[in-house]
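Some notes on the structure that comes next.
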Amino acid sequence: MTSLDEVFDRFLSGSSLFKNREVLRHDYVPEKLPHREEEIEYLGSTMAPVLKGYRCSNLFIYGKTGTGKTAVVRYVLKHLMKKAEELDAPVSTCYVNCRLAGTEYRVLSSLCSSVGVKVPFTGLAQSEVFQRFLRGLEEKGGVLLAVLDEIDVLVKAYGDTLLYDLTRINGELNNSKVSLIGISNDLRFKDMLDPRVLSSLSEEEMVFRPYNAAELRDILEERAKLAFHDGVLADGVINLCAALAAAEHGDARRSLDLLRVAAELAEREGASRVEERHVREAEKRIERDRIEEVIRNLPLHSKIVLCSVYLLNKKVSSVATGDIYNVYCELCNQIGLEPLTQRRVSGLISEQDMLGLLNSRVVSMGRHGRTKKTRLAIPRSTVKAIFMEDEQLRELVAYTPTCLLRA
């Protein structure tokens, strides 16, 4: 028997702390969503006209990660479709996570699937896929509610052309109607949109505020009843998970992750209860995993900007945007990539500041005015380890910028 077999057998023979660990996952939609009753009712009243065959208003929903946007939308859609089946109303829905879809083609492919149109994984012109979607809509008839989750990711990568086409789609339809629901984690997302797109998409708006510690505690208590056997959570575990998540923007997903990972850590060591120390260990592990995932999923230009700061921080603790841009251009030349403008790179620095990868602050230079100084907000070893996994970026980590050669 190998050591791995022993690991599996130990897990299978041991007593589990979990009754159903799936209820602590992000994609689980519970029968009850505490502290989102008002949002559920508003969303339901907005969607209700589709049950009589009318097109409801397009809706734009935004708020920070973990504020219940997706859960509320999926909850209302589930109940709406149940009611539509009772009434035999011609209503269909399509939910697309734009981050997971990745490209405009795959978003359109998912929309096509919702109206019974099959398109190849790749190979068609995007305009052809859109025309097939239109034909499928006309053949199916009725009302389609299309939910585009994390729509900001798609627009940042490809612009708002697809969104413009979708907001104008009803002008090309006779037998069917489409209503759009856009969901964004980026509160500044609207600034990226063409005014014509914004006015069509934002016929109605909803803003989801972060949860506070008491609300997160209620959410965790509801899930814990379904997730764990009685008596396996020590006093204070749920309160600690709620407090840690509330301190970081009231993120319900983070609180659920903390509770789930803490219980998994306790289970692996053979503990009979989940203690507060397991929560503290889970916090460290989740933070490390989150940072690594964020860096791996950055677009190439963003990775090069991060690498530029990494290289400059070898000699200087914080650097000006102009210096970062100069090194960024050098690195782009090294791998044969056309550099972005300095204004766009400044925007990428701000995005990474928001993600917690960089730390930027404006400092006074006396009579020389003010300038923005930037430094890494994460360990240099983390950046190096992840970039060394990438064949294209590996050589950049070892590169010495011209400014450092002169120093």
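Following the order of the structure tokens, first chain is A, next is B, and so on, with residues numbered from 1 inside each chain and ligands from 1 in the order they appear.
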Closest pair table for range 139-169 of chain A residues within 12 Å of range 109-114 of chain A, only C-alpha atoms, as JSON lines:
{"residue": "A:Glu139", "atom": "CA", "partner": "A:Cys112", "partner_atom": "CA", "distance": 11.9}
{"residue": "A:Lys140", "atom": "CA", "partner": "A:Ser114", "partner_atom": "CA", "distance": 9.9}
{"residue": "A:Val143", "atom": "CA", "partner": "A:Ser114", "partner_atom": "CA", "distance": 11.6}
{"residue": "A:Leu144", "atom": "CA", "partner": "A:Ser114", "partner_atom": "CA", "distance": 8.6}
{"residue": "A:Leu145", "atom": "CA", "partner": "A:Ser114", "partner_atom": "CA", "distance": 10.0}
{"residue": "A:Ala146", "atom": "CA", "partner": "A:Leu111", "partner_atom": "CA", "distance": 7.6}
{"residue": "A:Val147", "atom": "CA", "partner": "A:Leu111", "partner_atom": "CA", "distance": 9.7}
{"residue": "A:Leu148", "atom": "CA", "partner": "A:Leu111", "partner_atom": "CA", "distance": 9.9}
{"residue": "A:Leu166", "atom": "CA", "partner": "A:Leu111", "partner_atom": "CA", "distance": 10.7}
Limited to C-alpha atoms, could you put the picked residues into a file as a PDB file, in the first residue's frame?
ATOM      1  CA  GLU A 139     -37.954  30.139 -34.022  1.00  0.00           C
ATOM      2  CA  LYS A 140     -38.318  29.649 -30.270  1.00  0.00           C
ATOM      3  CA  VAL A 143     -39.138  36.000 -23.836  1.00  0.00           C
ATOM      4  CA  LEU A 144     -35.483  35.241 -23.060  1.00  0.00           C
ATOM      5  CA  LEU A 145     -33.944  36.526 -19.833  1.00  0.00           C
ATOM      6  CA  ALA A 146     -30.182  36.614 -20.424  1.00  0.00           C
ATOM      7  CA  VAL A 147     -27.976  37.058 -17.344  1.00  0.00           C
ATOM      8  CA  LEU A 148     -24.379  38.138 -17.989  1.00  0.00           C
ATOM      9  CA  LEU A 166     -27.390  42.738 -27.360  1.00  0.00           C
TER      10      LEU A 166
END
Write out as a PyMOL selection string each polymer residue whose atoms come within 10 Å of range 87-91 of chain A, counting only C-alpha atoms; drop sequence neighbours fewer than 3 positions from it. chain A and resi 50-54+80-84+140-145+176-177
Write the residues you've just listed into a file as a compact mmCIF listing (two decimals), in the first residue's frame, and include all heavy atoms for each of them.
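Output below, filename selection.txt:
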# COMPACT_ATOMS: atom_id res chain seq x y z
N VAL A 50 -42.51 39.29 -17.64
CA VAL A 50 -42.25 38.23 -18.63
C VAL A 50 -43.26 37.10 -18.51
O VAL A 50 -43.48 36.35 -19.48
CB VAL A 50 -40.80 37.68 -18.50
CG1 VAL A 50 -39.78 38.79 -18.63
CG2 VAL A 50 -40.59 36.90 -17.21
N LEU A 51 -43.89 36.95 -17.35
CA LEU A 51 -44.89 35.89 -17.17
C LEU A 51 -46.14 36.14 -18.01
O LEU A 51 -46.92 35.22 -18.26
CB LEU A 51 -45.28 35.78 -15.68
CG LEU A 51 -44.14 35.32 -14.74
CD1 LEU A 51 -44.57 35.44 -13.29
CD2 LEU A 51 -43.73 33.88 -15.06
N LYS A 52 -46.34 37.39 -18.44
CA LYS A 52 -47.46 37.72 -19.33
C LYS A 52 -46.99 37.95 -20.76
O LYS A 52 -47.75 38.46 -21.60
CB LYS A 52 -48.18 38.97 -18.82
CG LYS A 52 -49.03 38.73 -17.58
CD LYS A 52 -49.90 39.95 -17.27
CE LYS A 52 -50.86 39.65 -16.13
NZ LYS A 52 -51.76 40.82 -15.86
N GLY A 53 -45.72 37.58 -21.03
CA GLY A 53 -45.21 37.70 -22.38
C GLY A 53 -44.63 39.05 -22.73
O GLY A 53 -44.29 39.30 -23.90
N TYR A 54 -44.49 39.93 -21.74
CA TYR A 54 -43.90 41.24 -21.99
C TYR A 54 -42.40 41.20 -21.71
O TYR A 54 -41.92 40.42 -20.90
CB TYR A 54 -44.54 42.31 -21.10
CG TYR A 54 -46.03 42.45 -21.27
CD1 TYR A 54 -46.90 42.21 -20.21
CD2 TYR A 54 -46.58 42.85 -22.49
CE1 TYR A 54 -48.27 42.34 -20.36
CE2 TYR A 54 -47.95 42.98 -22.65
CZ TYR A 54 -48.79 42.72 -21.58
OH TYR A 54 -50.14 42.85 -21.74
N LEU A 80 -38.96 32.06 -10.71
CA LEU A 80 -39.66 32.59 -11.88
C LEU A 80 -39.96 31.47 -12.88
O LEU A 80 -41.09 31.38 -13.42
CB LEU A 80 -38.81 33.66 -12.56
CG LEU A 80 -39.41 34.30 -13.81
CD1 LEU A 80 -40.47 35.33 -13.43
CD2 LEU A 80 -38.32 34.98 -14.65
N MET A 81 -39.00 30.61 -13.15
CA MET A 81 -39.20 29.52 -14.10
C MET A 81 -40.21 28.50 -13.58
O MET A 81 -40.98 27.92 -14.36
CB MET A 81 -37.87 28.83 -14.40
CG MET A 81 -36.91 29.68 -15.23
SD MET A 81 -37.68 30.32 -16.75
CE MET A 81 -38.04 28.79 -17.62
N LYS A 82 -40.22 28.32 -12.27
CA LYS A 82 -41.23 27.42 -11.68
C LYS A 82 -42.63 27.97 -11.92
O LYS A 82 -43.56 27.24 -12.30
CB LYS A 82 -40.95 27.27 -10.18
CG LYS A 82 -41.86 26.29 -9.47
CD LYS A 82 -41.48 26.18 -8.01
CE LYS A 82 -42.43 25.22 -7.28
NZ LYS A 82 -42.11 25.13 -5.82
N LYS A 83 -42.79 29.28 -11.74
CA LYS A 83 -44.08 29.92 -11.97
C LYS A 83 -44.44 29.90 -13.45
O LYS A 83 -45.60 29.68 -13.83
CB LYS A 83 -44.05 31.36 -11.45
CG LYS A 83 -45.34 32.14 -11.64
CD LYS A 83 -46.52 31.51 -10.92
CE LYS A 83 -46.41 31.70 -9.41
NZ LYS A 83 -47.64 31.21 -8.71
N ALA A 84 -43.44 30.10 -14.33
CA ALA A 84 -43.68 30.09 -15.78
C ALA A 84 -44.16 28.71 -16.24
O ALA A 84 -45.04 28.61 -17.11
CB ALA A 84 -42.40 30.48 -16.52
N LYS A 140 -37.86 30.04 -31.60
CA LYS A 140 -38.32 29.65 -30.27
C LYS A 140 -39.46 30.52 -29.79
O LYS A 140 -40.42 30.06 -29.17
CB LYS A 140 -37.15 29.71 -29.28
CG LYS A 140 -37.47 29.16 -27.89
CD LYS A 140 -36.24 29.18 -27.01
CE LYS A 140 -36.54 28.65 -25.62
NZ LYS A 140 -36.85 27.20 -25.63
N GLY A 141 -39.39 31.84 -30.07
CA GLY A 141 -40.42 32.76 -29.61
C GLY A 141 -40.36 32.99 -28.11
O GLY A 141 -39.48 32.49 -27.40
N GLY A 142 -41.31 33.77 -27.60
CA GLY A 142 -41.37 34.03 -26.17
C GLY A 142 -40.35 35.05 -25.72
O GLY A 142 -39.81 35.84 -26.52
N VAL A 143 -40.05 35.03 -24.44
CA VAL A 143 -39.14 36.00 -23.84
C VAL A 143 -37.92 35.27 -23.28
O VAL A 143 -38.06 34.26 -22.59
CB VAL A 143 -39.83 36.78 -22.70
CG1 VAL A 143 -38.88 37.85 -22.14
CG2 VAL A 143 -41.12 37.42 -23.17
N LEU A 144 -36.73 35.78 -23.61
CA LEU A 144 -35.48 35.24 -23.06
C LEU A 144 -34.92 36.23 -22.06
O LEU A 144 -34.72 37.41 -22.37
CB LEU A 144 -34.46 35.00 -24.17
CG LEU A 144 -33.04 34.63 -23.70
CD1 LEU A 144 -33.04 33.26 -23.02
CD2 LEU A 144 -32.05 34.64 -24.86
N LEU A 145 -34.65 35.73 -20.84
CA LEU A 145 -33.94 36.53 -19.83
C LEU A 145 -32.49 36.09 -19.86
O LEU A 145 -32.17 34.95 -19.49
CB LEU A 145 -34.54 36.27 -18.45
CG LEU A 145 -35.75 37.10 -18.03
CD1 LEU A 145 -36.34 36.55 -16.74
CD2 LEU A 145 -35.37 38.56 -17.84
N SER A 176 -40.02 37.24 -30.81
CA SER A 176 -39.44 37.01 -29.49
C SER A 176 -38.90 38.31 -28.91
O SER A 176 -38.83 39.33 -29.60
CB SER A 176 -38.32 35.97 -29.57
OG SER A 176 -37.32 36.41 -30.46
N LYS A 177 -38.54 38.25 -27.65
CA LYS A 177 -38.03 39.43 -26.95
C LYS A 177 -36.87 38.99 -26.05
O LYS A 177 -36.84 37.85 -25.58
CB LYS A 177 -39.12 40.09 -26.10
CG LYS A 177 -40.40 40.42 -26.86
CD LYS A 177 -41.47 40.90 -25.91
CE LYS A 177 -42.79 41.15 -26.63
NZ LYS A 177 -43.44 39.88 -27.06
Pull the closest atom pair for each residue of range 266-329 of chain A that gets at most 12 Å from range 154-164 of chain A, along with the distance in Å to one decimal, counting only C-alpha atoms, ordering rows by chain and then ascending residue number, as CSV.
residue,atom,partner,partner_atom,distance
A:Leu298,CA,A:Ala157,CA,11.1
A:Pro299,CA,A:Ala157,CA,8.7
A:Leu300,CA,A:Ala157,CA,11.4
A:His301,CA,A:Ala157,CA,11.5
A:Ser302,CA,A:Ala157,CA,11.9
What does the structure give for the distance between CA of Arg132 in chain A and CA of Glu85 in chain A, in Å to one decimal? 26.2 Å
Between A:Glu267, A:Glu221, A:Glu41, A:Asp152, single out the one closest to Asp186 in chain A, counting only C-alpha atoms.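 The answer is A:Asp152, which sits nearest to Asp186 in chain A.
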